[in-house]
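Asks: What follows is run_12.pdb; its format and atoms are PDB, C-alpha atoms.
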```pdb
ATOM      1  CA  SER O   1      59.211  21.606  -3.220
ATOM      2  CA  GLY O   2      60.088  19.633  -6.292
ATOM      3  CA  GLY O   3      62.118  16.768  -7.612
ATOM      4  CA  VAL O   4      62.380  14.025 -10.160
ATOM      5  CA  ARG O   5      62.108  10.251  -9.900
ATOM      6  CA  ILE O   6      63.917   8.149 -12.496
ATOM      7  CA  GLU O   7      62.784   4.555 -12.932
ATOM      8  CA  ASN O   8      63.920   1.741 -15.196
ATOM      9  CA  PRO O   9      61.104  -0.817 -14.831
ATOM     10  CA  LEU O  10      61.327  -4.273 -16.368
ATOM     11  CA  GLN O  11      58.016  -6.070 -16.755
ATOM     12  CA  ILE O  12      58.213  -9.574 -18.229
ATOM     13  CA  ILE O  13      55.386 -12.043 -18.833
ATOM     14  CA  THR O  14      56.231 -15.485 -20.243
ATOM     15  CA  TYR O  15      53.540 -17.881 -21.480
ATOM     16  CA  LYS O  16      52.967 -20.883 -23.721
ATOM     17  CA  ASP O  17      51.458 -20.333 -27.141
ATOM     18  CA  GLN O  18      47.878 -21.646 -27.076
ATOM     19  CA  PHE O  19      48.024 -22.919 -30.656
ATOM     20  CA  SER O  20      51.610 -24.189 -30.545
ATOM     21  CA  PRO O  21      52.324 -25.169 -26.911
ATOM     22  CA  THR O  22      55.909 -26.104 -27.761
ATOM     23  CA  PHE O  23      56.658 -22.412 -28.336
ATOM     24  CA  THR O  24      57.139 -19.966 -25.477
ATOM     25  CA  ARG O  25      56.083 -16.356 -25.962
ATOM     26  CA  GLN O  26      57.264 -13.409 -23.965
ATOM     27  CA  ASN O  27      56.037  -9.866 -23.416
ATOM     28  CA  VAL O  28      58.569  -7.280 -22.252
ATOM     29  CA  ILE O  29      57.921  -3.672 -21.226
ATOM     30  CA  ASN O  30      61.136  -1.867 -20.436
ATOM     31  CA  GLY O  31      62.518   1.662 -20.620
ATOM     32  CA  VAL O  32      63.778   4.536 -18.522
ATOM     33  CA  GLU O  33      61.011   6.807 -17.202
ATOM     34  CA  VAL O  34      61.677  10.341 -15.956
ATOM     35  CA  LEU O  35      58.897  11.445 -13.572
ATOM     36  CA  PRO O  36      59.230  15.037 -12.286
ATOM     37  CA  TYR O  37      56.963  16.801  -9.791
ATOM     38  CA  LEU O  38      56.596  20.340  -8.439
ATOM     39  CA  ASN O  39      54.469  21.457  -5.463
ATOM     40  CA  SER O  40      53.936  24.922  -4.011
ATOM     41  CA  LYS O  41      51.971  26.502  -1.168
ATOM     42  CA  PHE O  42      51.115  30.169  -0.628
ATOM     43  CA  LYS O  43      49.761  31.292   2.745
ATOM     44  CA  PHE O  44      47.454  34.299   3.079
ATOM     45  CA  GLY O  45      47.307  34.811   6.823
ATOM     46  CA  GLN O  46      46.660  31.996   9.286
ATOM     47  CA  LYS O  47      43.419  30.643   7.811
ATOM     48  CA  ILE O  48      43.758  30.722   4.016
ATOM     49  CA  GLN O  49      46.260  29.039   1.736
ATOM     50  CA  LEU O  50      46.612  28.198  -1.960
ATOM     51  CA  LYS O  51      48.360  25.028  -3.121
ATOM     52  CA  THR O  52      49.478  23.886  -6.576
ATOM     53  CA  SER O  53      50.692  20.482  -7.670
ATOM     54  CA  THR O  54      52.049  19.286 -11.021
ATOM     55  CA  SER O  55      53.516  15.889 -11.826
ATOM     56  CA  LEU O  56      54.160  13.291 -14.480
ATOM     57  CA  THR O  57      53.135   9.761 -13.505
ATOM     58  CA  THR O  58      52.772   6.395 -15.221
ATOM     59  CA  ILE O  59      50.336   3.454 -15.227
ATOM     60  CA  ARG O  60      51.545   0.004 -16.228
ATOM     61  CA  PRO O  61      49.221  -2.722 -17.593
ATOM     62  CA  ARG O  62      48.285  -5.542 -15.237
ATOM     63  CA  PHE O  63      48.863  -9.261 -15.711
ATOM     64  CA  ARG O  64      45.354 -10.058 -16.948
ATOM     65  CA  GLU O  65      45.420  -7.132 -19.345
ATOM     66  CA  LEU O  66      48.604  -8.414 -20.999
ATOM     67  CA  THR O  67      48.217 -12.203 -21.249
ATOM     68  CA  PRO O  68      46.368 -13.300 -24.436
ATOM     69  CA  PHE O  69      44.199 -15.935 -22.733
ATOM     70  CA  ILE O  70      40.420 -15.964 -22.665
ATOM     71  CA  TYR O  71      38.699 -16.182 -19.295
ATOM     72  CA  THR O  72      35.031 -15.869 -18.362
ATOM     73  CA  GLU O  73      33.746 -13.427 -15.770
ATOM     74  CA  VAL O  74      31.719 -14.771 -12.859
ATOM     75  CA  PHE O  75      28.625 -12.758 -13.800
ATOM     76  CA  ALA O  76      27.050 -12.366 -17.254
ATOM     77  CA  GLY O  77      29.451 -14.836 -18.875
ATOM     78  CA  SER O  78      31.436 -12.172 -20.722
ATOM     79  CA  LYS O  79      34.690 -13.462 -22.151
ATOM     80  CA  ILE O  80      37.790 -11.284 -21.742
ATOM     81  CA  GLN O  81      41.134 -11.656 -23.472
ATOM     82  CA  GLY O  82      44.369  -9.840 -22.685
ATOM     83  CA  ASN O  83      46.403  -7.892 -25.215
ATOM     84  CA  PRO O  84      50.205  -8.415 -25.159
ATOM     85  CA  ASN O  85      50.724  -5.293 -27.272
ATOM     86  CA  LEU O  86      49.750  -2.865 -24.513
ATOM     87  CA  ILE O  87      52.164  -0.102 -23.526
ATOM     88  CA  ASN O  88      52.449   2.098 -20.437
ATOM     89  CA  THR O  89      50.145   5.065 -19.879
ATOM     90  CA  LYS O  90      51.529   8.532 -19.120
ATOM     91  CA  LEU O  91      49.617  11.106 -17.062
ATOM     92  CA  TYR O  92      50.355  14.830 -16.893
ATOM     93  CA  ASN O  93      48.645  16.055 -13.706
ATOM     94  CA  GLY O  94      47.851  19.556 -12.482
ATOM     95  CA  ASP O  95      45.941  20.633  -9.337
ATOM     96  CA  LEU O  96      45.022  24.012  -7.851
ATOM     97  CA  THR O  97      43.592  23.916  -4.296
ATOM     98  CA  PHE O  98      42.083  26.691  -2.184
ATOM     99  CA  GLU O  99      41.900  25.869   1.546
ATOM    100  CA  PHE O 100      40.153  27.749   4.353
ATOM    101  CA  PHE O 101      40.582  26.816   8.042
ATOM    102  CA  PRO O 102      37.792  28.334  10.177
ATOM    103  CA  THR O 103      39.262  26.586  13.252
ATOM    104  CA  HIS O 104      42.192  24.277  13.950
ATOM    105  CA  SER O 105      40.020  21.198  13.403
ATOM    106  CA  ASP O 106      37.832  22.416  10.506
ATOM    107  CA  ILE O 107      38.632  22.800   6.827
ATOM    108  CA  ILE O 108      36.857  23.876   3.640
ATOM    109  CA  ALA O 109      38.707  23.108   0.411
ATOM    110  CA  LEU O 110      38.052  23.511  -3.300
ATOM    111  CA  THR O 111      40.324  21.876  -5.878
ATOM    112  CA  LEU O 112      40.458  22.330  -9.635
ATOM    113  CA  PHE O 113      42.269  19.488 -11.401
ATOM    114  CA  GLY O 114      43.202  18.448 -14.902
ATOM    115  CA  LYS O 115      44.938  15.479 -16.508
ATOM    116  CA  ARG O 116      46.325  14.862 -19.952
ATOM    117  CA  ILE O 117      46.503  11.085 -20.443
ATOM    118  CA  LEU O 118      48.567   9.535 -23.226
ATOM    119  CA  ASN O 119      47.863   5.946 -24.326
ATOM    120  CA  PRO O 120      45.116   5.211 -21.760
ATOM    121  CA  ILE O 121      44.213   1.527 -21.420
ATOM    122  CA  GLU O 122      40.520   0.915 -22.111
ATOM    123  CA  ARG O 123      38.259  -2.119 -22.027
ATOM    124  CA  VAL O 124      36.759  -2.591 -25.509
ATOM    125  CA  ASN O 125      34.767  -5.081 -27.556
ATOM    126  CA  VAL O 126      36.437  -6.886 -30.463
ATOM    127  CA  ALA O 127      35.017  -8.407 -33.626
ATOM    128  CA  THR O 128      34.036 -12.040 -33.081
ATOM    129  CA  ALA O 129      31.867 -14.562 -34.910
ATOM    130  CA  SER O 130      29.769 -15.453 -31.864
ATOM    131  CA  GLY O 131      29.310 -14.476 -28.268
ATOM    132  CA  ARG O 132      30.630 -11.405 -26.544
ATOM    133  CA  LEU O 133      34.389 -10.923 -26.307
ATOM    134  CA  GLU O 134      36.205  -7.990 -24.725
ATOM    135  CA  THR O 135      39.859  -7.031 -24.636
ATOM    136  CA  TYR O 136      42.072  -4.073 -23.776
ATOM    137  CA  GLN O 137      43.748  -1.528 -25.993
ATOM    138  CA  ASN O 138      45.618   1.752 -25.794
ATOM    139  CA  SER O 139      43.641   4.715 -27.075
ATOM    140  CA  VAL O 140      45.506   7.757 -28.367
ATOM    141  CA  GLY O 141      44.749  10.064 -25.451
ATOM    142  CA  SER O 142      42.228  11.550 -23.073
ATOM    143  CA  ASN O 143      41.582  14.875 -21.352
ATOM    144  CA  VAL O 144      40.158  14.788 -17.833
ATOM    145  CA  TYR O 145      39.233  17.832 -15.773
ATOM    146  CA  GLY O 146      36.950  18.676 -12.898
ATOM    147  CA  LEU O 147      36.631  20.008  -9.385
ATOM    148  CA  GLU O 148      36.566  18.577  -5.889
ATOM    149  CA  PHE O 149      34.890  20.083  -2.831
ATOM    150  CA  GLU O 150      35.724  18.976   0.709
ATOM    151  CA  VAL O 151      34.527  20.064   4.138
ATOM    152  CA  LYS O 152      35.476  18.766   7.593
ATOM    153  CA  LYS O 153      33.617  20.090  10.596
ATOM    154  CA  LYS O 154      33.548  19.260  14.311
ATOM    155  CA  PHE O 155      30.998  20.664  16.721
ATOM    156  CA  ASN O 156      30.417  19.427  20.269
ATOM    157  CA  ASP O 157      30.223  15.621  20.078
ATOM    158  CA  TRP O 158      29.594  15.521  16.313
ATOM    159  CA  SER O 159      31.976  15.307  13.377
ATOM    160  CA  LEU O 160      31.200  15.647   9.672
ATOM    161  CA  ASP O 161      33.349  14.851   6.656
ATOM    162  CA  TYR O 162      31.991  15.444   3.154
ATOM    163  CA  ASN O 163      33.636  15.120  -0.246
ATOM    164  CA  LEU O 164      32.223  15.801  -3.722
ATOM    165  CA  SER O 165      34.018  15.270  -7.047
ATOM    166  CA  LEU O 166      32.698  16.378 -10.422
ATOM    167  CA  LEU O 167      34.578  15.144 -13.480
ATOM    168  CA  ASN O 168      34.423  15.436 -17.253
ATOM    169  CA  SER O 169      36.473  13.457 -19.763
ATOM    170  CA  ASP O 170      36.805  12.780 -23.467
ATOM    171  CA  ILE O 171      38.687  10.236 -25.544
ATOM    172  CA  GLU O 172      40.805  10.255 -28.707
ATOM    173  CA  ILE O 173      40.725   7.057 -30.789
ATOM    174  CA  SER O 174      42.793   5.873 -33.729
ATOM    175  CA  ASP O 175      41.924   3.135 -36.219
ATOM    176  CA  ASN O 176      45.567   2.041 -36.191
ATOM    177  CA  THR O 177      45.242  -0.524 -33.373
ATOM    178  CA  GLY O 178      46.292  -4.127 -32.937
ATOM    179  CA  SER O 179      42.751  -5.451 -32.508
ATOM    180  CA  SER O 180      39.756  -5.523 -34.816
ATOM    181  CA  VAL O 181      37.756  -2.825 -33.084
ATOM    182  CA  VAL O 182      34.756  -1.104 -34.638
ATOM    183  CA  VAL O 183      33.780   1.532 -32.092
ATOM    184  CA  THR O 184      30.218   2.842 -32.330
ATOM    185  CA  ASN O 185      30.576   6.131 -30.482
ATOM    186  CA  LEU O 186      33.685   8.242 -31.010
ATOM    187  CA  ASN O 187      32.396  11.060 -28.780
ATOM    188  CA  ARG O 188      32.259   9.524 -25.350
ATOM    189  CA  PRO O 189      33.917   9.734 -21.907
ATOM    190  CA  LEU O 190      36.971   7.772 -20.854
ATOM    191  CA  GLN O 191      36.041   4.173 -20.061
ATOM    192  CA  GLY O 192      35.808   3.618 -16.301
ATOM    193  CA  SER O 193      35.442   7.303 -15.361
ATOM    194  CA  THR O 194      32.381   8.570 -13.509
ATOM    195  CA  PRO O 195      31.092  12.170 -13.671
ATOM    196  CA  ILE O 196      30.263  12.369  -9.958
ATOM    197  CA  LEU O 197      31.495  10.901  -6.677
ATOM    198  CA  SER O 198      30.091  11.838  -3.286
ATOM    199  CA  ASN O 199      31.129  10.653   0.199
ATOM    200  CA  LEU O 200      29.636  11.594   3.572
ATOM    201  CA  ASP O 201      30.750  10.500   7.056
ATOM    202  CA  VAL O 202      28.834  11.572  10.170
ATOM    203  CA  PHE O 203      29.893  10.392  13.639
ATOM    204  CA  HIS O 204      28.593  11.087  17.138
ATOM    205  CA  ASN O 205      30.653  10.516  20.279
ATOM    206  CA  LEU O 206      28.443   8.578  22.680
ATOM    207  CA  SER O 207      31.162   8.790  25.330
ATOM    208  CA  GLU O 208      34.909   9.245  25.552
ATOM    209  CA  GLU O 209      35.331   5.587  24.585
ATOM    210  CA  SER O 210      32.653   4.962  21.941
ATOM    211  CA  ASN O 211      31.096   6.549  18.872
ATOM    212  CA  LEU O 212      28.333   5.803  16.405
ATOM    213  CA  GLY O 213      28.374   6.858  12.774
ATOM    214  CA  ILE O 214      27.020   6.450   9.269
ATOM    215  CA  THR O 215      28.911   6.555   5.990
ATOM    216  CA  TYR O 216      27.289   7.193   2.623
ATOM    217  CA  ASN O 217      28.934   6.829  -0.793
ATOM    218  CA  TYR O 218      27.464   7.653  -4.176
ATOM    219  CA  ILE O 219      29.034   6.620  -7.499
ATOM    220  CA  GLY O 220      27.526   8.079 -10.642
ATOM    221  CA  ARG O 221      26.738   6.313 -13.903
ATOM    222  CA  LYS O 222      29.916   5.338 -15.751
ATOM    223  CA  LEU O 223      30.997   3.715 -19.000
ATOM    224  CA  SER O 224      31.737   0.018 -18.399
ATOM    225  CA  SER O 225      32.697  -1.120 -21.914
ATOM    226  CA  VAL O 226      32.650   0.377 -25.387
ATOM    227  CA  GLY O 227      29.964  -0.654 -27.895
ATOM    228  CA  ILE O 228      30.792  -1.942 -31.399
ATOM    229  CA  PHE O 229      29.103  -2.478 -34.776
ATOM    230  CA  GLY O 230      26.359   0.062 -34.094
ATOM    231  CA  LEU O 231      25.508  -1.358 -30.678
ATOM    232  CA  GLY O 232      25.329   1.130 -27.843
ATOM    233  CA  ASP O 233      27.961   1.572 -25.156
ATOM    234  CA  ILE O 234      27.411  -0.391 -21.942
ATOM    235  CA  TYR O 235      27.099   1.741 -18.809
ATOM    236  CA  GLN O 236      27.095   0.796 -15.148
ATOM    237  CA  SER O 237      24.187   2.485 -13.378
ATOM    238  CA  GLN O 238      24.649   4.718 -10.340
ATOM    239  CA  GLN O 239      25.170   3.076  -6.953
ATOM    240  CA  HIS O 240      24.404   4.056  -3.339
ATOM    241  CA  PHE O 241      26.235   2.612  -0.339
ATOM    242  CA  LEU O 242      25.099   3.205   3.248
ATOM    243  CA  ASN O 243      26.937   1.747   6.259
ATOM    244  CA  LEU O 244      26.328   1.935  10.030
ATOM    245  CA  ILE O 245      29.367   1.768  12.343
ATOM    246  CA  TRP O 246      29.790   1.508  16.139
ATOM    247  CA  ASN O 247      33.231   1.680  17.754
ATOM    248  CA  LEU O 248      34.328   1.033  21.334
ATOM    249  CA  GLU O 249      37.939   1.618  22.375
ATOM    250  CA  LYS O 250      39.360   0.760  25.783
ATOM    251  CA  ASP O 251      42.936   0.739  27.022
ATOM    252  CA  LYS O 252      43.769  -2.708  25.710
ATOM    253  CA  TYR O 253      41.004  -3.669  23.347
ATOM    254  CA  ASN O 254      38.950  -2.289  20.472
ATOM    255  CA  LEU O 255      35.506  -3.478  19.385
ATOM    256  CA  SER O 256      33.917  -2.474  16.099
ATOM    257  CA  VAL O 257      30.489  -3.480  14.761
ATOM    258  CA  ARG O 258      29.494  -2.693  11.158
ATOM    259  CA  LEU O 259      26.314  -3.051   9.136
ATOM    260  CA  ASN O 260      27.327  -2.711   5.498
ATOM    261  CA  ASN O 261      25.460  -1.987   2.266
ATOM    262  CA  ILE O 262      22.134  -1.279   3.972
ATOM    263  CA  LEU O 263      20.483   0.059   0.802
ATOM    264  CA  ASP O 264      21.660  -2.977  -1.230
ATOM    265  CA  THR O 265      21.661  -1.023  -4.486
ATOM    266  CA  PRO O 266      21.833  -3.455  -7.430
ATOM    267  CA  PHE O 267      24.850  -3.629  -9.701
ATOM    268  CA  ARG O 268      23.299  -3.026 -13.125
ATOM    269  CA  LEU O 269      24.768  -2.855 -16.635
ATOM    270  CA  GLU O 270      22.652  -1.164 -19.295
ATOM    271  CA  GLN O 271      23.256  -0.934 -23.028
ATOM    272  CA  ASN O 272      21.827   1.784 -25.250
ATOM    273  CA  SER O 273      19.776   0.538 -28.201
ATOM    274  CA  ASP O 274      17.156   1.693 -30.708
ATOM    275  CA  ILE O 275      14.368   0.574 -28.352
ATOM    276  CA  GLY O 276      15.881   2.291 -25.331
ATOM    277  CA  SER O 277      18.102   1.126 -22.510
ATOM    278  CA  VAL O 278      18.438  -2.668 -22.181
ATOM    279  CA  VAL O 279      19.686  -4.341 -18.985
ATOM    280  CA  THR O 280      22.462  -6.807 -19.830
ATOM    281  CA  ASN O 281      23.412  -7.794 -16.283
ATOM    282  CA  GLU O 282      22.036  -7.180 -12.795
ATOM    283  CA  PHE O 283      22.695  -8.559  -9.326
ATOM    284  CA  THR O 284      22.845  -7.471  -5.681
ATOM    285  CA  ASN O 285      25.557  -8.121  -3.105
ATOM    286  CA  GLY O 286      23.205  -8.223  -0.129
ATOM    287  CA  VAL O 287      23.467  -6.649   3.315
ATOM    288  CA  ASP O 288      26.193  -7.949   5.618
ATOM    289  CA  ALA O 289      27.276  -7.400   9.204
ATOM    290  CA  SER O 290      30.718  -7.760  10.735
ATOM    291  CA  ILE O 291      32.285  -7.673  14.210
ATOM    292  CA  ARG O 292      35.961  -6.970  14.784
ATOM    293  CA  PHE O 293      37.735  -7.366  18.112
ATOM    294  CA  THR O 294      41.383  -6.557  18.794
ATOM    295  CA  TYR O 295      43.333  -6.891  22.026
ATOM    296  CA  LYS O 296      46.772  -5.499  22.848
ATOM    297  CA  PHE O 297      48.950  -7.551  25.189
TER     298      PHE O 297
END
```
Translate the structure of the given file into structure tokens.

Replies:
Amino acid sequence: SGGVRIENPLQIITYKDQFSPTFTRQNVINGVEVLPYLNSKFKFGQKIQLKTSTSLTTIRPRFRELTPFIYTEVFAGSKIQGNPNLINTKLYNGDLTFEFFPTHSDIIALTLFGKRILNPIERVNVATASGRLETYQNSVGSNVYGLEFEVKKKFNDWSLDYNLSLLNSDIEISDNTGSSVVVTNLNRPLQGSTPILSNLDVFHNLSEESNLGITYNYIGRKLSSVGIFGLGDIYQSQQHFLNLIWNLEKDKYNLSVRLNNILDTPFRLEQNSDIGSVVTNEFTNGVDASIRFTYKF
């Protein structure tokens, strides 16, 4: 199967000039985009199949990334300013997936994927006389590739769902940018990407109407913002999330009880320096519980 989607997006942001409020400024992103895709599937018997997927997609900058106003984050007091000169990002995607079905309800899959990203939007530091100021800019390009492993298994009253993603990326940077950026490390991953993601869901059917399960998510260490003037890049440390879930479903109502973020792993930002890793920000979200009840009339 294949096709092409043609879009003509018009993105307009109008704002008052901060230094001359009588003047109105406007940012416009417009242009025809041709986005083709092609998918294929080859079956080898009843239990094995090979799938391919290729596509061209786009990412458009968000409101806060475009408007040139300074706002302060809730934590750490970092100031962030939008960049009205941002342009759309293009992604060339390619996937190759091998799937094996031991039974009708089980699956084992392995996917190899790659992306060529043009003009990726990254969060960067800019030159400033005092304080810490960050903005957004388009880098030249990035290459992203990796693999994903997935297994779904049901046995008796138990069900297991596991997913693992391993990713590698690099970045291409040009000095010809609209902001005064002095990047410390030119050989680094794409900002915001993480080298490993892992998700595990395990559920046990207590009866025909209720089940009890745990979910576990792991996010690896990732680049949060790019360092400047010899300062190290700022990375977000790895995080662990563990949740406990109980569900009860009757004919007309559903009851769900959740205990979230049991491990309460801290959110931590660390910056590389000559004396080692320095923590620039750290906080915890705490453990929370929730009850949800729905009734069908």

Asks: Considering all atoms listed in the file, can you say which of O:Pro189, O:Pro61, O:Gly3, O:Pro195 comes closest to Gly146 (chain O)?

Replies: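 Looking only at the distances to Gly146 (chain O), the closest residue turns out to be O:Pro195.
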
Asks: In terms of the shortest atom-to-atom distance over only C-alpha atoms, which of O:Glu270, O:Asp170, O:Glu249, O:Asp161 is closest to Tyr216 (chain O)?

Replies: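 Looking only at the distances to Tyr216 (chain O), the closest residue turns out to be O:Asp161.
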
Asks: Would you mind reading off the distance between CA of Leu118 (chain O) and CA of Ser78 (chain O), one decimal, in Å?

Replies: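 Spanning CA of Leu118 (chain O) to CA of Ser78 (chain O) is a straight-line distance of 27.8 Å.
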
Asks: What's the 6 Å shell around region 90-95 of chain O, counting only C-alpha atoms, without same-chain residues fewer than 2 positions away, as a list in words?

Replies: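 Close residues of region 90-95 of chain O: Thr52, Ser53, Thr54, Ser55, Leu56, Thr57, Thr58, Leu112, Phe113, Gly114, Lys115, Arg116, Ile117 and Leu118 of chain O.
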
Asks: Between CA of Asn83 (chain O) and CA of Val34 (chain O), measure the distance and give it in Å to one decimal.

Replies: 25.5 Å

Asks: Rounded to one decimal place, report the CA of Phe98 (chain O)-CA of Ile48 (chain O) distance in Å.

Replies: 7.6 Å

Asks: Contacts of Asn8 (chain O) at 7 Å or less, counting only C-alpha atoms, minus same-chain residues fewer than 4 places along, as an MDAnalysis selection string?

Replies: chainID O and resid 30:33

Asks: Which is closest to Ser237 (chain O) among O:Tyr218, O:Phe203, O:Tyr253, O:Tyr15, if we use all atoms listed in the file?

Replies: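 Result for the nearest residue to Ser237 (chain O): O:Tyr218.
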
Asks: Residues within 9 Å of region 18-29 of chain O, please, as number ranges by chain. Count only C-alpha atoms; anything in the same chain fewer than 3 positions from it doesn't count.

Replies: O: 9-15, 60, 66-69, 84-88

Asks: Can you translate the PyMOL selection byres ((chain O and resi 239) around 7) into the concrete residues it hits in this file, as a list in words?

Replies: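 Here the PyMOL selection byres ((chain O and resi 239) around 7) matches Tyr218, Ile219, Gly220, Ser237, Gln238, His240, Phe241 and Thr265 of chain O.
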